[in-house]
$ cat run38.tsv   # TSV, C-alpha atoms and all ligand atoms
chain	number	residue	atom	x	y	z
A	18	MET	CA	-17.94	16.63	-23.59
A	19	GLY	CA	-19.54	16.59	-20.17
A	20	ILE	CA	-17.98	16.27	-16.77
A	21	GLN	CA	-16.18	12.98	-16.46
A	22	GLN	CA	-18.21	10.57	-14.44
A	23	ILE	CA	-16.44	8.66	-11.71
A	24	LYS	CA	-18.07	5.37	-10.81
A	25	GLN	CA	-18.11	3.64	-7.44
A	26	TRP	CA	-15.54	0.83	-7.37
A	27	THR	CA	-15.34	-2.11	-4.99
A	28	TYR	CA	-13.66	-5.46	-4.44
A	29	LYS	CA	-16.95	-7.30	-5.03
A	30	LEU	CA	-17.79	-9.74	-7.84
A	31	ASP	CA	-20.79	-7.72	-9.02
A	32	GLY	CA	-19.21	-5.94	-12.00
A	33	THR	CA	-17.63	-3.15	-9.93
A	34	GLY	CA	-14.73	-5.26	-8.63
A	35	SER	CA	-11.04	-5.26	-9.44
A	36	THR	CA	-11.25	-7.20	-12.72
A	37	ASP	CA	-13.86	-4.71	-14.01
A	38	TRP	CA	-12.36	-1.39	-12.88
A	39	GLY	CA	-11.02	-0.59	-16.36
A	40	ASP	CA	-14.54	-0.77	-17.82
A	41	LEU	CA	-16.35	1.22	-15.12
A	42	CYS	CA	-15.62	4.69	-16.54
A	43	GLU	CA	-13.17	6.51	-18.79
A	44	ALA	CA	-11.18	7.80	-15.82
A	45	PHE	CA	-10.39	4.22	-14.77
A	46	ALA	CA	-9.55	2.88	-18.27
A	47	ILE	CA	-5.83	2.65	-17.51
A	48	ALA	CA	-6.64	-0.31	-15.25
A	49	LYS	CA	-7.02	-2.39	-18.42
A	50	THR	CA	-4.93	-0.45	-20.96
A	51	GLY	CA	-1.91	0.38	-18.78
A	52	LEU	CA	1.35	-1.47	-19.24
A	53	ALA	CA	2.90	-0.61	-15.86
A	54	GLN	CA	0.17	-1.66	-13.44
A	55	SER	CA	0.49	-2.81	-9.84
A	56	PRO	CA	0.65	-5.03	-7.88
A	57	ILE	CA	3.03	-7.56	-9.41
A	58	ASN	CA	4.55	-10.89	-8.56
A	59	ILE	CA	8.16	-10.33	-7.54
A	60	GLU	CA	10.32	-13.21	-8.69
A	61	ARG	CA	13.39	-12.93	-6.50
A	62	ALA	CA	15.63	-14.70	-9.01
A	63	ASP	CA	14.70	-12.19	-11.73
A	64	ALA	CA	15.41	-9.03	-9.70
A	65	LEU	CA	18.40	-7.02	-10.85
A	66	THR	CA	20.86	-6.27	-8.06
A	67	ALA	CA	21.48	-2.52	-7.84
A	68	VAL	CA	25.07	-1.33	-7.70
A	69	SER	CA	24.29	1.65	-5.42
A	70	VAL	CA	22.45	2.08	-2.14
A	71	LEU	CA	18.80	3.12	-2.34
A	72	PRO	CA	18.93	6.95	-2.62
A	73	VAL	CA	16.38	7.59	0.14
A	74	THR	CA	16.46	9.63	3.36
A	75	TYR	CA	13.70	9.36	5.96
A	76	HIS	CA	12.35	12.21	8.07
A	77	TYR	CA	9.85	10.54	10.36
A	78	THR	CA	8.55	11.34	13.84
A	79	ASN	CA	5.79	10.04	16.07
A	80	LEU	CA	2.39	11.03	14.66
A	81	THR	CA	-1.30	10.86	15.47
A	82	PHE	CA	-3.40	9.48	12.61
A	83	ASP	CA	-7.13	9.84	11.88
A	84	CYS	CA	-8.58	6.41	11.08
A	85	GLU	CA	-11.34	6.51	8.48
A	86	MET	CA	-13.41	4.17	6.32
A	87	LYS	CA	-13.24	5.26	2.68
A	88	GLY	CA	-15.37	2.53	1.12
A	89	ASP	CA	-16.00	-1.19	1.08
A	90	ARG	CA	-12.92	-2.76	2.72
A	91	VAL	CA	-11.03	0.52	2.29
A	92	PHE	CA	-9.66	1.89	5.56
A	93	HIS	CA	-7.02	4.59	5.77
A	94	ALA	CA	-5.07	6.32	8.53
A	95	TYR	CA	-4.14	9.95	7.79
A	96	PRO	CA	-1.46	11.83	9.71
A	97	GLN	CA	-2.90	14.87	11.48
A	98	GLU	CA	0.23	16.83	10.65
A	99	ASN	CA	2.02	17.12	7.32
A	100	THR	CA	5.48	16.94	8.88
A	101	ASN	CA	6.79	13.52	7.89
A	102	TYR	CA	8.49	12.94	4.56
A	103	LEU	CA	11.18	11.06	2.73
A	104	THR	CA	13.45	12.17	-0.06
A	105	TYR	CA	14.11	10.00	-3.10
A	106	ARG	CA	16.79	11.07	-5.57
A	107	GLY	CA	16.70	14.49	-3.89
A	108	VAL	CA	12.91	15.00	-4.26
A	109	LYS	CA	10.69	15.44	-1.20
A	110	TYR	CA	7.65	13.16	-0.80
A	111	HIS	CA	5.28	13.83	2.12
A	112	LEU	CA	3.69	10.99	4.05
A	113	THR	CA	-0.03	11.08	3.22
A	114	ASN	CA	-1.49	7.85	4.62
A	115	TRP	CA	-1.10	4.33	5.96
A	116	HIS	CA	-3.42	1.52	4.92
A	117	MET	CA	-3.45	-2.26	4.51
A	118	HIS	CA	-4.62	-4.97	2.12
A	119	MET	CA	-5.64	-8.57	2.92
A	120	PRO	CA	-4.18	-10.80	1.58
A	121	SER	CA	-1.05	-9.09	0.30
A	122	GLU	CA	-1.30	-7.37	-3.08
A	123	HIS	CA	2.24	-8.13	-4.19
A	124	GLN	CA	3.33	-11.71	-4.41
A	125	MET	CA	6.79	-13.01	-3.62
A	126	ASP	CA	7.78	-15.90	-5.89
A	127	GLY	CA	4.11	-16.50	-6.62
A	128	PHE	CA	2.89	-16.51	-3.03
A	129	HIS	CA	0.75	-14.06	-1.06
A	130	TYR	CA	1.43	-13.01	2.51
A	131	PRO	CA	-1.58	-12.70	4.87
A	132	LEU	CA	-1.41	-8.87	4.88
A	133	GLU	CA	0.42	-5.98	3.23
A	134	GLY	CA	0.77	-2.48	4.65
A	135	HIS	CA	1.27	0.60	2.47
A	136	LEU	CA	2.95	3.80	3.62
A	137	VAL	CA	2.03	6.31	0.90
A	138	HIS	CA	4.08	9.42	0.11
A	139	THR	CA	3.38	12.06	-2.56
A	140	ASN	CA	5.34	14.92	-4.09
A	141	GLU	CA	4.11	18.23	-5.50
A	142	GLN	CA	4.15	16.92	-9.08
A	143	GLY	CA	1.81	14.04	-8.28
A	144	GLY	CA	4.58	11.48	-8.00
A	145	VAL	CA	3.99	8.76	-5.43
A	146	ILE	CA	6.26	6.48	-3.42
A	147	VAL	CA	4.66	3.57	-1.63
A	148	ARG	CA	6.70	1.64	0.90
A	149	ALA	CA	5.13	-1.82	1.17
A	150	PHE	CA	5.43	-4.19	4.12
A	151	PHE	CA	4.35	-7.82	4.11
A	152	MET	CA	2.96	-9.27	7.33
A	153	LYS	CA	2.90	-12.85	8.47
A	154	ILE	CA	1.46	-14.53	11.51
A	155	GLY	CA	3.74	-15.38	14.41
A	156	GLU	CA	3.69	-15.78	18.15
A	157	ARG	CA	3.53	-12.23	19.36
A	158	ASP	CA	1.45	-9.09	18.96
A	159	ASN	CA	3.07	-6.42	16.83
A	160	ARG	CA	2.90	-3.34	19.03
A	161	LEU	CA	3.22	-1.02	16.03
A	162	LEU	CA	-0.30	-2.01	15.02
A	163	ALA	CA	-1.76	-1.92	18.54
A	164	GLY	CA	-5.24	-0.40	18.56
A	165	LEU	CA	-5.45	0.13	14.81
A	166	ALA	CA	-8.11	-2.50	14.06
A	167	GLU	CA	-10.24	-1.19	16.94
A	168	GLN	CA	-10.06	2.38	15.63
A	169	TRP	CA	-11.05	1.29	12.12
A	170	GLN	CA	-13.92	-0.76	13.62
A	171	LEU	CA	-15.09	2.44	15.30
A	172	ALA	CA	-14.94	4.24	11.96
A	173	GLN	CA	-16.94	1.43	10.34
A	174	SER	CA	-19.64	0.88	12.95
A	175	GLU	CA	-20.20	4.41	14.22
A	176	GLY	CA	-18.86	6.49	11.35
A	177	LYS	CA	-16.44	8.14	13.74
A	178	LYS	CA	-12.86	9.11	13.14
A	179	GLY	CA	-10.62	6.82	15.11
A	180	SER	CA	-7.24	7.94	16.36
A	181	TRP	CA	-3.96	6.00	16.25
A	182	GLN	CA	-0.41	6.80	17.32
A	183	PHE	CA	2.35	5.51	15.10
A	184	ASN	CA	5.98	6.37	14.40
A	185	PRO	CA	6.93	5.55	10.78
A	186	ALA	CA	10.59	5.61	11.84
A	187	THR	CA	9.97	2.14	13.26
A	188	LEU	CA	9.57	0.92	9.67
A	189	ILE	CA	12.92	2.14	8.36
A	190	ALA	CA	14.66	-0.93	7.05
A	191	ASP	CA	18.09	-1.92	8.28
A	192	SER	CA	20.69	-1.07	5.62
A	193	ARG	CA	21.45	-4.78	5.19
A	194	GLU	CA	17.84	-5.61	4.41
A	195	THR	CA	16.61	-6.26	0.89
A	196	ILE	CA	14.18	-3.83	-0.70
A	197	TYR	CA	12.67	-4.43	-4.14
A	198	VAL	CA	12.03	-1.30	-6.20
A	199	TYR	CA	10.04	-0.98	-9.42
A	200	ASP	CA	7.85	1.50	-11.32
A	201	GLY	CA	4.13	0.80	-11.21
A	202	SER	CA	0.71	2.18	-10.41
A	203	LEU	CA	-1.74	2.88	-7.63
A	204	THR	CA	-3.57	-0.38	-6.84
A	205	THR	CA	-6.96	1.33	-6.49
A	206	PRO	CA	-8.82	3.39	-9.13
A	207	PRO	CA	-7.69	5.44	-10.91
A	208	THR	CA	-4.69	3.10	-11.10
A	209	LEU	CA	-2.38	5.86	-12.37
A	210	GLU	CA	1.15	4.81	-13.28
A	211	CYS	CA	2.85	7.35	-11.03
A	212	VAL	CA	4.23	5.11	-8.28
A	213	THR	CA	7.73	4.06	-7.32
A	214	TRP	CA	7.21	0.93	-5.27
A	215	MET	CA	9.64	0.00	-2.48
A	216	VAL	CA	8.76	-3.45	-1.19
A	217	ARG	CA	10.58	-4.70	1.89
A	218	LYS	CA	11.45	-8.39	1.66
A	219	ARG	CA	11.41	-9.15	5.38
A	220	PRO	CA	7.83	-9.46	6.64
A	221	MET	CA	6.53	-7.91	9.85
A	222	ILE	CA	5.23	-10.41	12.39
A	223	ILE	CA	1.71	-10.04	13.80
A	224	SER	CA	-0.20	-12.32	16.16
A	225	HIS	CA	-3.11	-14.51	15.11
A	226	GLU	CA	-5.38	-12.35	17.28
A	227	GLN	CA	-4.30	-9.23	15.43
A	228	TYR	CA	-4.79	-10.93	12.08
A	229	THR	CA	-8.31	-12.00	13.11
A	230	ALA	CA	-9.21	-8.44	14.11
A	231	PHE	CA	-8.40	-7.24	10.58
A	232	VAL	CA	-10.31	-10.03	8.76
A	233	ASN	CA	-13.78	-8.47	9.00
A	234	LEU	CA	-12.44	-5.10	7.91
A	235	LEU	CA	-10.06	-5.98	5.11
A	236	ASN	CA	-10.46	-9.52	3.82
A	237	GLY	CA	-10.47	-9.56	0.00
A	238	SER	CA	-9.08	-6.04	-0.42
A	239	ASN	CA	-6.28	-6.98	-2.81
A	240	ARG	CA	-6.10	-6.25	-6.52
A	241	PRO	CA	-4.80	-9.33	-8.40
A	242	VAL	CA	-1.21	-9.20	-9.68
A	243	GLN	CA	-0.72	-7.51	-13.05
A	244	PRO	CA	1.60	-8.35	-15.99
A	245	LEU	CA	5.18	-7.13	-15.68
A	246	ASN	CA	5.36	-6.21	-19.39
A	247	GLY	CA	9.14	-6.17	-19.41
A	248	ARG	CA	9.59	-4.01	-16.33
A	249	ILE	CA	12.72	-4.49	-14.26
A	250	VAL	CA	12.55	-5.04	-10.51
A	251	SER	CA	15.68	-3.72	-8.79
A	252	LYS	CA	17.02	-5.28	-5.63
A	253	TYR	CA	18.68	-2.95	-3.12
B	1	ZN	ZN	-2.54	0.14	-0.96

$ encode --input "run38.tsv" --output "structure tokens"
Amino acid sequence: MGIQQIKQWTYKLDGTGSTDWGDLCEAFAIAKTGLAQSPINIERADALTAVSVLPVTYHYTNLTFDCEMKGDRVFHAYPQENTNYLTYRGVKYHLTNWHMHMPSEHQMDGFHYPLEGHLVHTNEQGGVIVRAFFMKIGERDNRLLAGLAEQWQLAQSEGKKGSWQFNPATLIADSRETIYVYDGSLTTPPTLECVTWMVRKRPMIISHEQYTAFVNLLNGSNRPVQPLNGRIVSKY
């Protein structure tokens, strides 16, 4: 046995794209053999209404993020400090990055939204919670995303680290809002099945100008929806 080889993956149609990830190398095989893969189509009528409130507490403050390009259509923003976290069922998960996919990865009743943002949190055992936010186009700029596309463009064109200020507390859902929760996987290789997904129903609104600024960076960066294989989606 040699050292496991990790292959370069992309969103292209050249044999390295999302439908071929499971065949690229042994480390990515779960992309085709896994039974709890993400994203999924969330059928609202099939979601099971939870009897409790979502057992989450948020510990978020204003942060500065480093904006980096990690690959073809893969842009991440990393907090400069490891201070923000949430707890889920009493376990601490630190905020590790913010990134986006275009169009949305998850579907709602069979439809994509124009964009989906992911706020990724990890615990010490390798468990992951991703809070997902759909975005749709409306009249006004979303000030939460102000400057982000420009900083990622800088990272792309000049290989520099961009810088972006963002307070994740602005994304804490109102207690009356619906959040869909299910067990799934990372949506990029290796698509490990270690993720609790929390998908907010209500989309964020962004302007057409903001959407356009993200097109060149992110368009086509979504993995297709995966089979549910009997998994339950809970509605909180
Ligand atoms: Zn993602």

$ closest_atom_pairs --input "run38.tsv" --of "chain A" --to "ligand ZN 1 (chain B)" --cutoff "10 Å" --atoms "only C-alpha atoms and all ligand atoms" --output "Markdown table"
| residue | atom | partner | partner_atom | distance |
| --- | --- | --- | --- | --- |
| A:Ser55 | CA | B:ZN1 | ZN | 9.8 |
| A:Pro56 | CA | B:ZN1 | ZN | 9.2 |
| A:Val91 | CA | B:ZN1 | ZN | 9.1 |
| A:Phe92 | CA | B:ZN1 | ZN | 9.8 |
| A:His93 | CA | B:ZN1 | ZN | 9.2 |
| A:Asn114 | CA | B:ZN1 | ZN | 9.6 |
| A:Trp115 | CA | B:ZN1 | ZN | 8.2 |
| A:His116 | CA | B:ZN1 | ZN | 6.1 |
| A:Met117 | CA | B:ZN1 | ZN | 6.0 |
| A:His118 | CA | B:ZN1 | ZN | 6.3 |
| A:Ser121 | CA | B:ZN1 | ZN | 9.4 |
| A:Glu122 | CA | B:ZN1 | ZN | 7.9 |
| A:Glu133 | CA | B:ZN1 | ZN | 8.0 |
| A:Gly134 | CA | B:ZN1 | ZN | 7.0 |
| A:His135 | CA | B:ZN1 | ZN | 5.1 |
| A:Leu136 | CA | B:ZN1 | ZN | 8.0 |
| A:Val137 | CA | B:ZN1 | ZN | 7.9 |
| A:Val147 | CA | B:ZN1 | ZN | 8.0 |
| A:Arg148 | CA | B:ZN1 | ZN | 9.5 |
| A:Ala149 | CA | B:ZN1 | ZN | 8.2 |
| A:Leu203 | CA | B:ZN1 | ZN | 7.3 |
| A:Thr204 | CA | B:ZN1 | ZN | 6.0 |
| A:Thr205 | CA | B:ZN1 | ZN | 7.2 |
| A:Ser238 | CA | B:ZN1 | ZN | 9.0 |
| A:Asn239 | CA | B:ZN1 | ZN | 8.3 |
| A:Arg240 | CA | B:ZN1 | ZN | 9.2 |

$ write_last_selection --input "run38.tsv" --atoms "C-alpha atoms" --output "short mmCIF file (atom, residue, chain, number, x, y, z; two decimals), in the frame of the given file"
data_model
loop_
_atom_site.label_atom_id
_atom_site.label_comp_id
_atom_site.auth_asym_id
_atom_site.auth_seq_id
_atom_site.Cartn_x
_atom_site.Cartn_y
_atom_site.Cartn_z
CA SER A 55 0.49 -2.81 -9.84
CA PRO A 56 0.65 -5.03 -7.88
CA VAL A 91 -11.03 0.52 2.29
CA PHE A 92 -9.66 1.89 5.56
CA HIS A 93 -7.02 4.59 5.77
CA ASN A 114 -1.49 7.85 4.62
CA TRP A 115 -1.10 4.33 5.96
CA HIS A 116 -3.42 1.52 4.92
CA MET A 117 -3.45 -2.26 4.51
CA HIS A 118 -4.62 -4.97 2.12
CA SER A 121 -1.05 -9.09 0.30
CA GLU A 122 -1.30 -7.37 -3.08
CA GLU A 133 0.42 -5.98 3.23
CA GLY A 134 0.77 -2.48 4.65
CA HIS A 135 1.27 0.60 2.47
CA LEU A 136 2.95 3.80 3.62
CA VAL A 137 2.03 6.31 0.90
CA VAL A 147 4.66 3.57 -1.63
CA ARG A 148 6.70 1.64 0.90
CA ALA A 149 5.13 -1.82 1.17
CA LEU A 203 -1.74 2.88 -7.63
CA THR A 204 -3.57 -0.38 -6.84
CA THR A 205 -6.96 1.33 -6.49
CA SER A 238 -9.08 -6.04 -0.42
CA ASN A 239 -6.28 -6.98 -2.81
CA ARG A 240 -6.10 -6.25 -6.52
#

$ residues_around --input "run38.tsv" --residues "range 173-180 of chain A" --least-positions-apart "2" --cutoff "8 Å" --atoms "all atoms listed in the file" --output "PyMOL selection string"
chain A and resi 81-86+168-171+182

$ residues_around --input "run38.tsv" --residues "Val70 in chain A" --least-positions-apart "2" --cutoff "9 Å" --atoms "all atoms listed in the file" --output "ChimeraX atom specification"
/A:67-68,72-73,192,253

$ atom_distance --input "run38.tsv" --atom1 "CA of Val198 in chain A" --atom2 "CA of Ile249 in chain A"
8.7 Å

$ atom_distance --input "run38.tsv" --atom1 "CA of Arg61 in chain A" --atom2 "CA of Thr195 in chain A"
10.5 Å

$ atom_distance --input "run38.tsv" --atom1 "CA of Thr139 in chain A" --atom2 "CA of Ala230 in chain A"
29.3 Å

$ closest_residue --input "run38.tsv" --among "A:Asp40, A:Asp200, A:Glu167, A:Glu60" --to "Asn233 in chain A" --atoms "all atoms listed in the file"
A:Glu167

$ closest_residue --input "run38.tsv" --among "A:Pro206, A:Ala172, A:Gln142, A:Arg193" --to "Ile23 in chain A" --atoms "all atoms listed in the file"
A:Pro206

$ closest_residue --input "run38.tsv" --among "A:Ile223, A:Leu65, A:Val108, A:Val212" --to "Lys153 in chain A" --atoms "only C-alpha atoms"
A:Ile223
